[in-house]
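J.: Sharing upload06.cif below, mmCIF, N, CA and C atoms and all ligand atoms:
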```cif
data_structure
loop_
_atom_site.label_atom_id
_atom_site.label_comp_id
_atom_site.auth_asym_id
_atom_site.auth_seq_id
_atom_site.Cartn_x
_atom_site.Cartn_y
_atom_site.Cartn_z
N MET Q 1 0.84 -1.18 0.00
CA MET Q 1 0.00 0.00 0.00
C MET Q 1 0.88 1.23 0.00
N SER Q 2 0.63 2.14 -0.95
CA SER Q 2 1.45 3.33 -1.09
C SER Q 2 0.92 4.47 -0.23
N ALA Q 3 1.85 5.20 0.38
CA ALA Q 3 1.46 6.36 1.17
C ALA Q 3 1.59 7.64 0.35
N GLU Q 4 2.02 7.50 -0.91
CA GLU Q 4 2.18 8.68 -1.75
C GLU Q 4 0.82 9.28 -2.08
N PRO Q 5 0.76 10.63 -2.16
CA PRO Q 5 -0.52 11.26 -2.51
C PRO Q 5 -0.93 10.90 -3.93
N ARG Q 6 -2.20 10.77 -4.13
CA ARG Q 6 -2.75 10.46 -5.43
C ARG Q 6 -2.63 11.70 -6.32
N THR Q 7 -2.19 11.52 -7.56
CA THR Q 7 -2.09 12.64 -8.50
C THR Q 7 -2.74 12.26 -9.81
N VAL Q 8 -2.99 13.27 -10.63
CA VAL Q 8 -3.52 13.06 -11.97
C VAL Q 8 -2.81 14.03 -12.90
N THR Q 9 -2.50 13.56 -14.11
CA THR Q 9 -1.87 14.42 -15.12
C THR Q 9 -2.90 14.73 -16.19
N LEU Q 10 -3.11 16.03 -16.42
CA LEU Q 10 -4.11 16.49 -17.38
C LEU Q 10 -3.46 17.45 -18.35
N VAL Q 11 -3.89 17.39 -19.61
CA VAL Q 11 -3.40 18.33 -20.62
C VAL Q 11 -4.25 19.59 -20.57
N THR Q 12 -3.59 20.74 -20.52
CA THR Q 12 -4.31 22.02 -20.52
C THR Q 12 -3.87 22.83 -21.74
N VAL Q 13 -4.72 23.74 -22.16
CA VAL Q 13 -4.43 24.54 -23.34
C VAL Q 13 -3.36 25.59 -23.06
N ASP Q 14 -3.25 26.04 -21.82
CA ASP Q 14 -2.31 27.12 -21.52
C ASP Q 14 -1.00 26.65 -20.89
N ARG Q 15 -0.97 25.47 -20.28
CA ARG Q 15 0.25 25.01 -19.63
C ARG Q 15 0.71 23.64 -20.09
N GLY Q 16 0.01 23.05 -21.05
CA GLY Q 16 0.36 21.70 -21.48
C GLY Q 16 0.00 20.71 -20.39
N PRO Q 17 0.70 19.56 -20.32
CA PRO Q 17 0.38 18.58 -19.29
C PRO Q 17 0.78 19.07 -17.91
N VAL Q 18 -0.14 18.95 -16.97
CA VAL Q 18 0.14 19.33 -15.58
C VAL Q 18 -0.22 18.15 -14.68
N THR Q 19 0.57 17.95 -13.65
CA THR Q 19 0.29 16.91 -12.67
C THR Q 19 -0.12 17.58 -11.38
N ILE Q 20 -1.32 17.25 -10.91
CA ILE Q 20 -1.88 17.92 -9.73
C ILE Q 20 -2.36 16.87 -8.73
N PRO Q 21 -2.47 17.25 -7.47
CA PRO Q 21 -3.04 16.32 -6.48
C PRO Q 21 -4.48 15.96 -6.86
N GLU Q 22 -4.82 14.71 -6.65
CA GLU Q 22 -6.17 14.21 -6.96
C GLU Q 22 -6.88 13.87 -5.64
N PRO Q 23 -7.95 14.60 -5.31
CA PRO Q 23 -8.66 14.29 -4.06
C PRO Q 23 -9.21 12.85 -4.08
N ALA Q 24 -9.28 12.25 -2.91
CA ALA Q 24 -9.77 10.88 -2.80
C ALA Q 24 -11.19 10.75 -3.32
N TRP Q 25 -12.00 11.81 -3.21
CA TRP Q 25 -13.41 11.76 -3.62
C TRP Q 25 -13.60 11.96 -5.11
N CYS Q 26 -12.57 12.35 -5.86
CA CYS Q 26 -12.72 12.64 -7.29
C CYS Q 26 -12.96 11.34 -8.06
N ALA Q 27 -13.93 11.40 -8.96
CA ALA Q 27 -14.30 10.21 -9.76
C ALA Q 27 -13.44 10.08 -11.01
N GLY Q 28 -12.45 10.95 -11.19
CA GLY Q 28 -11.57 10.85 -12.34
C GLY Q 28 -11.90 11.90 -13.40
N HIS Q 29 -11.13 11.86 -14.49
CA HIS Q 29 -11.23 12.90 -15.50
C HIS Q 29 -11.39 12.30 -16.90
N SER Q 30 -12.23 11.27 -17.00
CA SER Q 30 -12.39 10.59 -18.29
C SER Q 30 -12.98 11.51 -19.35
N HIS Q 31 -13.67 12.58 -18.96
CA HIS Q 31 -14.26 13.50 -19.93
C HIS Q 31 -13.45 14.80 -20.04
N HIS Q 32 -12.19 14.76 -19.59
CA HIS Q 32 -11.37 15.98 -19.62
C HIS Q 32 -11.17 16.46 -21.06
N ASP Q 33 -11.35 17.75 -21.26
CA ASP Q 33 -11.16 18.38 -22.57
C ASP Q 33 -9.79 19.07 -22.57
N PRO Q 34 -8.87 18.73 -23.49
CA PRO Q 34 -7.54 19.35 -23.50
C PRO Q 34 -7.57 20.85 -23.80
N ARG Q 35 -8.73 21.38 -24.19
CA ARG Q 35 -8.85 22.84 -24.39
C ARG Q 35 -9.14 23.56 -23.07
N THR Q 36 -9.20 22.80 -21.97
CA THR Q 36 -9.41 23.37 -20.65
C THR Q 36 -8.17 24.15 -20.22
N THR Q 37 -8.37 25.30 -19.61
CA THR Q 37 -7.23 26.03 -19.05
C THR Q 37 -6.90 25.46 -17.67
N TYR Q 38 -5.71 25.78 -17.20
CA TYR Q 38 -5.27 25.31 -15.88
C TYR Q 38 -6.28 25.73 -14.81
N ALA Q 39 -6.75 26.98 -14.88
CA ALA Q 39 -7.69 27.50 -13.87
C ALA Q 39 -9.05 26.83 -13.95
N GLU Q 40 -9.38 26.25 -15.11
CA GLU Q 40 -10.70 25.63 -15.28
C GLU Q 40 -10.74 24.16 -14.87
N ILE Q 41 -9.61 23.58 -14.52
CA ILE Q 41 -9.61 22.17 -14.12
C ILE Q 41 -10.58 21.98 -12.97
N ILE Q 42 -11.41 20.97 -13.09
CA ILE Q 42 -12.42 20.73 -12.06
C ILE Q 42 -12.39 19.26 -11.63
N HIS Q 43 -12.36 19.05 -10.34
CA HIS Q 43 -12.52 17.71 -9.78
C HIS Q 43 -14.02 17.51 -9.53
N SER Q 44 -14.52 16.34 -9.86
CA SER Q 44 -15.94 16.03 -9.65
C SER Q 44 -16.07 14.64 -9.03
N GLY Q 45 -16.87 14.56 -7.99
CA GLY Q 45 -17.15 13.27 -7.38
C GLY Q 45 -18.29 12.59 -8.10
N PRO Q 46 -18.59 11.36 -7.72
CA PRO Q 46 -19.71 10.64 -8.35
C PRO Q 46 -21.04 11.33 -8.04
N ASP Q 47 -21.95 11.30 -9.02
CA ASP Q 47 -23.28 11.90 -8.83
C ASP Q 47 -24.13 11.05 -7.90
N ILE Q 48 -24.89 11.72 -7.07
CA ILE Q 48 -25.99 11.10 -6.35
C ILE Q 48 -27.24 11.58 -7.08
N ALA Q 49 -28.02 10.64 -7.64
CA ALA Q 49 -29.15 11.01 -8.49
C ALA Q 49 -30.47 10.57 -7.87
N LEU Q 50 -31.47 11.44 -8.00
CA LEU Q 50 -32.85 11.08 -7.68
C LEU Q 50 -33.52 10.81 -9.02
N THR Q 51 -33.73 9.53 -9.29
CA THR Q 51 -34.33 9.14 -10.56
C THR Q 51 -35.64 8.43 -10.28
N PHE Q 52 -36.69 8.83 -10.96
CA PHE Q 52 -37.98 8.16 -10.86
C PHE Q 52 -38.36 7.70 -12.25
N ARG Q 53 -38.57 6.38 -12.38
CA ARG Q 53 -38.79 5.76 -13.68
C ARG Q 53 -37.62 6.14 -14.59
N ASN Q 54 -37.83 6.78 -15.70
CA ASN Q 54 -36.71 7.10 -16.58
C ASN Q 54 -36.27 8.55 -16.49
N ALA Q 55 -36.80 9.29 -15.53
CA ALA Q 55 -36.48 10.72 -15.43
C ALA Q 55 -35.55 10.99 -14.26
N THR Q 56 -34.46 11.66 -14.53
CA THR Q 56 -33.57 12.12 -13.47
C THR Q 56 -34.07 13.46 -12.99
N LEU Q 57 -34.50 13.51 -11.74
CA LEU Q 57 -35.10 14.71 -11.18
C LEU Q 57 -34.08 15.63 -10.54
N LEU Q 58 -33.02 15.05 -9.99
CA LEU Q 58 -32.07 15.84 -9.23
C LEU Q 58 -30.75 15.07 -9.16
N THR Q 59 -29.66 15.76 -9.33
CA THR Q 59 -28.35 15.15 -9.10
C THR Q 59 -27.51 16.10 -8.26
N ALA Q 60 -26.58 15.52 -7.53
CA ALA Q 60 -25.65 16.32 -6.74
C ALA Q 60 -24.32 15.60 -6.71
N SER Q 61 -23.25 16.36 -6.75
CA SER Q 61 -21.91 15.78 -6.63
C SER Q 61 -20.95 16.83 -6.09
N ILE Q 62 -19.91 16.36 -5.44
CA ILE Q 62 -18.89 17.27 -4.92
C ILE Q 62 -18.03 17.75 -6.09
N VAL Q 63 -17.74 19.04 -6.11
CA VAL Q 63 -16.90 19.63 -7.16
C VAL Q 63 -15.89 20.59 -6.52
N GLN Q 64 -14.80 20.78 -7.24
CA GLN Q 64 -13.79 21.75 -6.82
C GLN Q 64 -12.91 22.10 -8.01
N SER Q 65 -12.65 23.38 -8.18
CA SER Q 65 -11.68 23.84 -9.18
C SER Q 65 -10.50 24.42 -8.40
N PRO Q 66 -9.48 23.62 -8.12
CA PRO Q 66 -8.44 24.02 -7.17
C PRO Q 66 -7.60 25.21 -7.60
N HIS Q 67 -7.60 25.54 -8.89
CA HIS Q 67 -6.74 26.63 -9.36
C HIS Q 67 -7.53 27.85 -9.80
N ALA Q 68 -8.81 27.89 -9.49
CA ALA Q 68 -9.66 29.00 -9.91
C ALA Q 68 -9.39 30.24 -9.06
N SER Q 69 -9.81 31.38 -9.58
CA SER Q 69 -9.63 32.61 -8.81
C SER Q 69 -10.76 32.80 -7.80
N ARG Q 70 -11.92 32.17 -8.05
CA ARG Q 70 -13.06 32.31 -7.14
C ARG Q 70 -12.82 31.49 -5.89
N SER Q 71 -13.15 32.07 -4.75
CA SER Q 71 -12.97 31.33 -3.51
C SER Q 71 -14.31 30.98 -2.87
N GLU Q 72 -15.43 31.51 -3.40
CA GLU Q 72 -16.71 31.23 -2.79
C GLU Q 72 -17.25 29.88 -3.28
N TYR Q 73 -18.34 29.43 -2.64
CA TYR Q 73 -18.98 28.20 -3.07
C TYR Q 73 -19.70 28.45 -4.38
N ARG Q 74 -19.12 28.07 -5.45
CA ARG Q 74 -19.75 28.18 -6.77
C ARG Q 74 -19.09 27.13 -7.64
N LEU Q 75 -19.80 26.75 -8.70
CA LEU Q 75 -19.17 25.89 -9.67
C LEU Q 75 -17.99 26.65 -10.23
N GLY Q 76 -16.84 26.04 -10.23
CA GLY Q 76 -15.65 26.73 -10.68
C GLY Q 76 -14.94 27.47 -9.56
N GLY Q 77 -15.28 27.15 -8.31
CA GLY Q 77 -14.64 27.78 -7.17
C GLY Q 77 -13.58 26.87 -6.55
N ARG Q 78 -12.67 27.49 -5.78
CA ARG Q 78 -11.57 26.71 -5.18
C ARG Q 78 -12.04 25.84 -4.02
N ILE Q 79 -13.12 26.26 -3.34
CA ILE Q 79 -13.61 25.51 -2.19
C ILE Q 79 -14.53 24.39 -2.67
N GLU Q 80 -14.38 23.21 -2.07
CA GLU Q 80 -15.26 22.10 -2.42
C GLU Q 80 -16.70 22.48 -2.12
N GLY Q 81 -17.60 22.13 -3.02
CA GLY Q 81 -19.03 22.35 -2.83
C GLY Q 81 -19.78 21.21 -3.48
N ALA Q 82 -21.10 21.23 -3.35
CA ALA Q 82 -21.94 20.21 -3.98
C ALA Q 82 -22.70 20.88 -5.13
N SER Q 83 -22.36 20.49 -6.34
CA SER Q 83 -23.05 21.01 -7.52
C SER Q 83 -24.38 20.28 -7.64
N VAL Q 84 -25.47 21.06 -7.70
CA VAL Q 84 -26.82 20.47 -7.73
C VAL Q 84 -27.49 20.85 -9.04
N PHE Q 85 -27.95 19.83 -9.76
CA PHE Q 85 -28.65 20.01 -11.03
C PHE Q 85 -30.08 19.50 -10.86
N PRO Q 86 -31.11 20.18 -11.33
CA PRO Q 86 -31.12 21.36 -12.16
C PRO Q 86 -31.12 22.68 -11.41
N LEU Q 87 -30.87 22.67 -10.14
CA LEU Q 87 -30.83 23.92 -9.38
C LEU Q 87 -29.83 24.90 -9.99
N GLY Q 88 -28.70 24.37 -10.46
CA GLY Q 88 -27.71 25.23 -11.07
C GLY Q 88 -26.89 26.00 -10.06
N GLU Q 89 -26.76 25.45 -8.86
CA GLU Q 89 -25.95 26.09 -7.84
C GLU Q 89 -24.99 25.09 -7.23
N THR Q 90 -23.91 25.60 -6.68
CA THR Q 90 -23.00 24.79 -5.90
C THR Q 90 -23.18 25.19 -4.45
N LEU Q 91 -23.56 24.23 -3.63
CA LEU Q 91 -23.96 24.50 -2.26
C LEU Q 91 -22.85 24.16 -1.28
N ASP Q 92 -22.82 24.92 -0.18
CA ASP Q 92 -21.95 24.56 0.94
C ASP Q 92 -22.67 23.50 1.78
N PRO Q 93 -22.02 22.96 2.80
CA PRO Q 93 -22.67 21.88 3.57
C PRO Q 93 -24.03 22.31 4.14
N MET Q 94 -24.17 23.53 4.65
CA MET Q 94 -25.45 23.96 5.21
C MET Q 94 -26.52 24.05 4.13
N GLY Q 95 -26.16 24.51 2.95
CA GLY Q 95 -27.10 24.57 1.84
C GLY Q 95 -27.57 23.18 1.46
N LEU Q 96 -26.66 22.22 1.50
CA LEU Q 96 -27.02 20.84 1.17
C LEU Q 96 -27.94 20.24 2.24
N TYR Q 97 -27.69 20.57 3.51
CA TYR Q 97 -28.61 20.14 4.58
C TYR Q 97 -29.99 20.76 4.36
N ASP Q 98 -30.04 22.04 3.98
CA ASP Q 98 -31.32 22.69 3.72
C ASP Q 98 -32.07 22.00 2.58
N LEU Q 99 -31.36 21.66 1.52
CA LEU Q 99 -31.98 20.95 0.40
C LEU Q 99 -32.53 19.60 0.86
N ALA Q 100 -31.74 18.87 1.64
CA ALA Q 100 -32.20 17.56 2.14
C ALA Q 100 -33.46 17.73 2.99
N ALA Q 101 -33.51 18.77 3.83
CA ALA Q 101 -34.70 19.00 4.68
C ALA Q 101 -35.90 19.31 3.80
N ASP Q 102 -35.71 20.11 2.76
CA ASP Q 102 -36.83 20.43 1.87
C ASP Q 102 -37.31 19.18 1.13
N LEU Q 103 -36.40 18.30 0.76
CA LEU Q 103 -36.80 17.07 0.08
C LEU Q 103 -37.61 16.17 1.01
N VAL Q 104 -37.24 16.12 2.29
CA VAL Q 104 -38.01 15.34 3.26
C VAL Q 104 -39.42 15.92 3.39
N SER Q 105 -39.52 17.26 3.47
CA SER Q 105 -40.83 17.91 3.53
C SER Q 105 -41.64 17.63 2.26
N TYR Q 106 -40.96 17.65 1.13
CA TYR Q 106 -41.64 17.39 -0.13
C TYR Q 106 -42.17 15.96 -0.16
N ALA Q 107 -41.38 15.02 0.32
CA ALA Q 107 -41.82 13.62 0.37
C ALA Q 107 -43.06 13.48 1.25
N ALA Q 108 -43.09 14.19 2.37
CA ALA Q 108 -44.27 14.15 3.24
C ALA Q 108 -45.48 14.72 2.49
N GLY Q 109 -45.28 15.79 1.72
CA GLY Q 109 -46.37 16.36 0.91
C GLY Q 109 -46.87 15.37 -0.13
N LEU Q 110 -45.97 14.63 -0.75
CA LEU Q 110 -46.37 13.61 -1.73
C LEU Q 110 -47.21 12.52 -1.07
N ARG Q 111 -46.78 12.12 0.15
CA ARG Q 111 -47.55 11.08 0.86
C ARG Q 111 -48.95 11.59 1.20
N ARG Q 112 -49.06 12.84 1.65
CA ARG Q 112 -50.39 13.42 1.95
C ARG Q 112 -51.24 13.46 0.68
N LEU Q 113 -50.63 13.82 -0.43
CA LEU Q 113 -51.35 13.87 -1.71
C LEU Q 113 -51.82 12.47 -2.11
N ALA Q 114 -50.98 11.46 -1.88
CA ALA Q 114 -51.36 10.07 -2.21
C ALA Q 114 -52.55 9.63 -1.35
N VAL Q 115 -52.54 10.00 -0.07
CA VAL Q 115 -53.67 9.67 0.81
C VAL Q 115 -54.93 10.34 0.30
N GLU Q 116 -54.84 11.62 -0.04
CA GLU Q 116 -56.00 12.37 -0.54
C GLU Q 116 -56.52 11.76 -1.84
N LEU Q 117 -55.62 11.40 -2.73
CA LEU Q 117 -56.01 10.80 -4.00
C LEU Q 117 -56.68 9.45 -3.77
N ASN Q 118 -56.12 8.68 -2.84
CA ASN Q 118 -56.70 7.38 -2.53
C ASN Q 118 -58.11 7.53 -1.96
N GLU Q 119 -58.30 8.53 -1.11
CA GLU Q 119 -59.64 8.77 -0.54
C GLU Q 119 -60.63 9.18 -1.64
N ILE Q 120 -60.16 9.93 -2.60
CA ILE Q 120 -61.02 10.31 -3.73
C ILE Q 120 -61.44 9.06 -4.50
N PHE Q 121 -60.48 8.15 -4.73
CA PHE Q 121 -60.81 6.91 -5.43
C PHE Q 121 -61.79 6.06 -4.62
N LEU Q 122 -61.50 5.93 -3.31
CA LEU Q 122 -62.35 5.09 -2.47
C LEU Q 122 -63.74 5.70 -2.28
N GLY Q 123 -63.82 7.03 -2.28
CA GLY Q 123 -65.09 7.71 -2.07
C GLY Q 123 -65.92 7.84 -3.33
N GLY Q 124 -65.38 7.42 -4.43
CA GLY Q 124 -66.15 7.47 -5.66
C GLY Q 124 -66.42 8.89 -6.15
N GLU Q 125 -65.55 9.83 -5.82
CA GLU Q 125 -65.75 11.21 -6.22
C GLU Q 125 -65.38 11.45 -7.68
N ARG Q 126 -64.93 10.39 -8.35
CA ARG Q 126 -64.53 10.60 -9.73
C ARG Q 126 -65.74 10.73 -10.63
ZN ZN Q 201 -9.91 14.96 -10.06
#
```
Hey, can you dump this file as structure tokens for me?

T.:
Amino acid sequence: MSAEPRTVTLVTVDRGPVTIPEPAWCAGHSHHDPRTTYAEIIHSGPDIALTFRNATLLTASIVQSPHASRSEYRLGGRIEGASVFPLGETLDPMGLYDLAADLVSYAAGLRRLAVELNEIFLGGER
């Protein structure tokens, strides 16, 4: 077992091949575009997806652009965040907790709606 830090070598348009530290959570760079600049390099973790039947409703994954000039939580920022689609935002941990709480509330609303719909069916209100 190696104690050496994990690295990845990527080709960039402005610096050629660069070797950078690879976070343990990064899912790799199989879709890396060599026209990417050094500052645009982005680490992305595996997606967590909410899929119902064949529709993907929501995805989230950890992202980080370690060489970017932005330091806030945003896609393309230096600080790790959770990129959420289709929200189109990169959230900090508290934002992600807020999203999870809203999803739990939404699930409760769906269950109430299912109960109401079932009562309509059973009551013959159709
Ligand atoms: Zn990476």

J.: Any chance you could list, as a CSV table (one decimal) with N, CA and C atoms, in the coordinates of the input, the residues in chain Q that come up helix (DSSP H, G or I) when DSSP is run on the backbone?

T.:
```csv
chain,number,residue,atom,x,y,z
Q,38,TYR,N,-5.7,25.8,-17.2
Q,38,TYR,CA,-5.3,25.3,-15.9
Q,38,TYR,C,-6.3,25.7,-14.8
Q,39,ALA,N,-6.8,27.0,-14.9
Q,39,ALA,CA,-7.7,27.5,-13.9
Q,39,ALA,C,-9.0,26.8,-14.0
Q,40,GLU,N,-9.4,26.2,-15.1
Q,40,GLU,CA,-10.7,25.6,-15.3
Q,40,GLU,C,-10.7,24.2,-14.9
Q,93,PRO,N,-22.0,23.0,2.8
Q,93,PRO,CA,-22.7,21.9,3.6
Q,93,PRO,C,-24.0,22.3,4.1
Q,94,MET,N,-24.2,23.5,4.6
Q,94,MET,CA,-25.4,24.0,5.2
Q,94,MET,C,-26.5,24.0,4.1
Q,95,GLY,N,-26.2,24.5,3.0
Q,95,GLY,CA,-27.1,24.6,1.8
Q,95,GLY,C,-27.6,23.2,1.5
Q,96,LEU,N,-26.7,22.2,1.5
Q,96,LEU,CA,-27.0,20.8,1.2
Q,96,LEU,C,-27.9,20.2,2.2
Q,97,TYR,N,-27.7,20.6,3.5
Q,97,TYR,CA,-28.6,20.1,4.6
Q,97,TYR,C,-30.0,20.8,4.4
Q,98,ASP,N,-30.0,22.0,4.0
Q,98,ASP,CA,-31.3,22.7,3.7
Q,98,ASP,C,-32.1,22.0,2.6
Q,99,LEU,N,-31.4,21.7,1.5
Q,99,LEU,CA,-32.0,21.0,0.4
Q,99,LEU,C,-32.5,19.6,0.9
Q,100,ALA,N,-31.7,18.9,1.6
Q,100,ALA,CA,-32.2,17.6,2.1
Q,100,ALA,C,-33.5,17.7,3.0
Q,101,ALA,N,-33.5,18.8,3.8
Q,101,ALA,CA,-34.7,19.0,4.7
Q,101,ALA,C,-35.9,19.3,3.8
Q,102,ASP,N,-35.7,20.1,2.8
Q,102,ASP,CA,-36.8,20.4,1.9
Q,102,ASP,C,-37.3,19.2,1.1
Q,103,LEU,N,-36.4,18.3,0.8
Q,103,LEU,CA,-36.8,17.1,0.1
Q,103,LEU,C,-37.6,16.2,1.0
Q,104,VAL,N,-37.2,16.1,2.3
Q,104,VAL,CA,-38.0,15.3,3.3
Q,104,VAL,C,-39.4,15.9,3.4
Q,105,SER,N,-39.5,17.3,3.5
Q,105,SER,CA,-40.8,17.9,3.5
Q,105,SER,C,-41.6,17.6,2.3
Q,106,TYR,N,-41.0,17.6,1.1
Q,106,TYR,CA,-41.6,17.4,-0.1
Q,106,TYR,C,-42.2,16.0,-0.2
Q,107,ALA,N,-41.4,15.0,0.3
Q,107,ALA,CA,-41.8,13.6,0.4
Q,107,ALA,C,-43.1,13.5,1.2
Q,108,ALA,N,-43.1,14.2,2.4
Q,108,ALA,CA,-44.3,14.2,3.2
Q,108,ALA,C,-45.5,14.7,2.5
Q,109,GLY,N,-45.3,15.8,1.7
Q,109,GLY,CA,-46.4,16.4,0.9
Q,109,GLY,C,-46.9,15.4,-0.1
Q,110,LEU,N,-46.0,14.6,-0.8
Q,110,LEU,CA,-46.4,13.6,-1.7
Q,110,LEU,C,-47.2,12.5,-1.1
Q,111,ARG,N,-46.8,12.1,0.2
Q,111,ARG,CA,-47.6,11.1,0.9
Q,111,ARG,C,-49.0,11.6,1.2
Q,112,ARG,N,-49.1,12.8,1.6
Q,112,ARG,CA,-50.4,13.4,2.0
Q,112,ARG,C,-51.2,13.5,0.7
Q,113,LEU,N,-50.6,13.8,-0.4
Q,113,LEU,CA,-51.4,13.9,-1.7
Q,113,LEU,C,-51.8,12.5,-2.1
Q,114,ALA,N,-51.0,11.5,-1.9
Q,114,ALA,CA,-51.4,10.1,-2.2
Q,114,ALA,C,-52.6,9.6,-1.4
Q,115,VAL,N,-52.5,10.0,-0.1
Q,115,VAL,CA,-53.7,9.7,0.8
Q,115,VAL,C,-54.9,10.3,0.3
Q,116,GLU,N,-54.8,11.6,0.0
Q,116,GLU,CA,-56.0,12.4,-0.5
Q,116,GLU,C,-56.5,11.8,-1.8
Q,117,LEU,N,-55.6,11.4,-2.7
Q,117,LEU,CA,-56.0,10.8,-4.0
Q,117,LEU,C,-56.7,9.4,-3.8
Q,118,ASN,N,-56.1,8.7,-2.8
Q,118,ASN,CA,-56.7,7.4,-2.5
Q,118,ASN,C,-58.1,7.5,-2.0
Q,119,GLU,N,-58.3,8.5,-1.1
Q,119,GLU,CA,-59.6,8.8,-0.5
Q,119,GLU,C,-60.6,9.2,-1.6
Q,120,ILE,N,-60.2,9.9,-2.6
Q,120,ILE,CA,-61.0,10.3,-3.7
Q,120,ILE,C,-61.4,9.1,-4.5
Q,121,PHE,N,-60.5,8.2,-4.7
Q,121,PHE,CA,-60.8,6.9,-5.4
Q,121,PHE,C,-61.8,6.1,-4.6
Q,122,LEU,N,-61.5,5.9,-3.3
Q,122,LEU,CA,-62.4,5.1,-2.5
Q,122,LEU,C,-63.7,5.7,-2.3
Q,123,GLY,N,-63.8,7.0,-2.3
Q,123,GLY,CA,-65.1,7.7,-2.1
Q,123,GLY,C,-65.9,7.8,-3.3
```

J.: As a quick test: using all atoms listed in the file, which residues lie no more than 6.5 Å away from ligand ZN 201 (chain Q)? Give them as a CSV table (one decimal) with N, CA and C atoms, keeping the file's coordinate frame.

T.:
```csv
chain,number,residue,atom,x,y,z
Q,21,PRO,N,-2.5,17.2,-7.5
Q,21,PRO,CA,-3.0,16.3,-6.5
Q,21,PRO,C,-4.5,16.0,-6.9
Q,22,GLU,N,-4.8,14.7,-6.6
Q,22,GLU,CA,-6.2,14.2,-7.0
Q,22,GLU,C,-6.9,13.9,-5.6
Q,23,PRO,N,-8.0,14.6,-5.3
Q,23,PRO,CA,-8.7,14.3,-4.1
Q,23,PRO,C,-9.2,12.8,-4.1
Q,26,CYS,N,-12.6,12.4,-5.9
Q,26,CYS,CA,-12.7,12.6,-7.3
Q,26,CYS,C,-13.0,11.3,-8.1
Q,27,ALA,N,-13.9,11.4,-9.0
Q,27,ALA,CA,-14.3,10.2,-9.8
Q,27,ALA,C,-13.4,10.1,-11.0
Q,28,GLY,N,-12.4,11.0,-11.2
Q,28,GLY,CA,-11.6,10.8,-12.3
Q,28,GLY,C,-11.9,11.9,-13.4
Q,29,HIS,N,-11.1,11.9,-14.5
Q,29,HIS,CA,-11.2,12.9,-15.5
Q,29,HIS,C,-11.4,12.3,-16.9
Q,42,ILE,N,-11.4,21.0,-13.1
Q,42,ILE,CA,-12.4,20.7,-12.1
Q,42,ILE,C,-12.4,19.3,-11.6
Q,43,HIS,N,-12.4,19.0,-10.3
Q,43,HIS,CA,-12.5,17.7,-9.8
Q,43,HIS,C,-14.0,17.5,-9.5
Q,44,SER,N,-14.5,16.3,-9.9
Q,44,SER,CA,-15.9,16.0,-9.6
Q,44,SER,C,-16.1,14.6,-9.0
```

J.: Box time for segment 99-104 of chain Q: axis-aligned, enclosing all its listed atoms, 4 Å extra on each side; report centre and edge lengths in Å to one decimal, as AutoDock Vina command-line options.

T.:
```
--center_x -35.4 --center_y 18.5 --center_z 2.4 --size_x 16.1 --size_y 14.3 --size_z 12.6
```

J.: Quick one: distance from atom CA of Gln64 of chain Q to atom CA of Leu50 of chain Q in Å, one decimal?

T.: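 Distance reported for this atom pair: 21.9 Å.
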
J.: Would you kindly return, as a short mmCIF file (atom, residue, chain, number, x, y, z; two decimals) with N, CA and C atoms, in the coordinates of the input, each protein, DNA or RNA residue with an atom no farther than 6.5 Å from any atom of Val11 of chain Q, considering all atoms listed in the file and excluding same-chain residues fewer than 4 positions away?

T.:
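The result, written out as out13.cif:
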```cif
data_model
loop_
_atom_site.label_atom_id
_atom_site.label_comp_id
_atom_site.auth_asym_id
_atom_site.auth_seq_id
_atom_site.Cartn_x
_atom_site.Cartn_y
_atom_site.Cartn_z
N ARG Q 15 -0.97 25.47 -20.28
CA ARG Q 15 0.25 25.01 -19.63
C ARG Q 15 0.71 23.64 -20.09
N GLY Q 16 0.01 23.05 -21.05
CA GLY Q 16 0.36 21.70 -21.48
C GLY Q 16 0.00 20.71 -20.39
N PRO Q 17 0.70 19.56 -20.32
CA PRO Q 17 0.38 18.58 -19.29
C PRO Q 17 0.78 19.07 -17.91
N VAL Q 18 -0.14 18.95 -16.97
CA VAL Q 18 0.14 19.33 -15.58
C VAL Q 18 -0.22 18.15 -14.68
N ASP Q 33 -11.35 17.75 -21.26
CA ASP Q 33 -11.16 18.38 -22.57
C ASP Q 33 -9.79 19.07 -22.57
N PRO Q 34 -8.87 18.73 -23.49
CA PRO Q 34 -7.54 19.35 -23.50
C PRO Q 34 -7.57 20.85 -23.80
N ARG Q 35 -8.73 21.38 -24.19
CA ARG Q 35 -8.85 22.84 -24.39
C ARG Q 35 -9.14 23.56 -23.07
N THR Q 36 -9.20 22.80 -21.97
CA THR Q 36 -9.41 23.37 -20.65
C THR Q 36 -8.17 24.15 -20.22
#
```

J.: Quick one: of Q:Val115, Q:Ile79, Q:Leu87, Q:Ile48, who's nearest to His67 of chain Q, counting all atoms listed in the file?

T.: Q:Ile79

J.: Which distance in Å separates atom N of His31 of chain Q and atom N of Ala49 of chain Q, to one decimal?

T.: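 Between atom N of His31 of chain Q and atom N of Ala49 of chain Q the gap works out to 18.4 Å.
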
J.: In chain Q, what's strand (DSSP E) per DSSP? Answer as JSON, numbers by chain?

T.: {"Q": [7, 8, 9, 10, 11, 12, 16, 17, 18, 19, 20, 21, 43, 44, 48, 49, 50, 51, 52, 55, 56, 57, 58, 59, 60, 61, 62, 63, 64, 81, 82, 83, 84, 85, 89, 90, 91]}

J.: Do you have the atom C of Met94 of chain Q-atom C of Gly81 of chain Q distance handy?

T.: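 Atom C of Gly81 of chain Q lies 10.6 Å from atom C of Met94 of chain Q.
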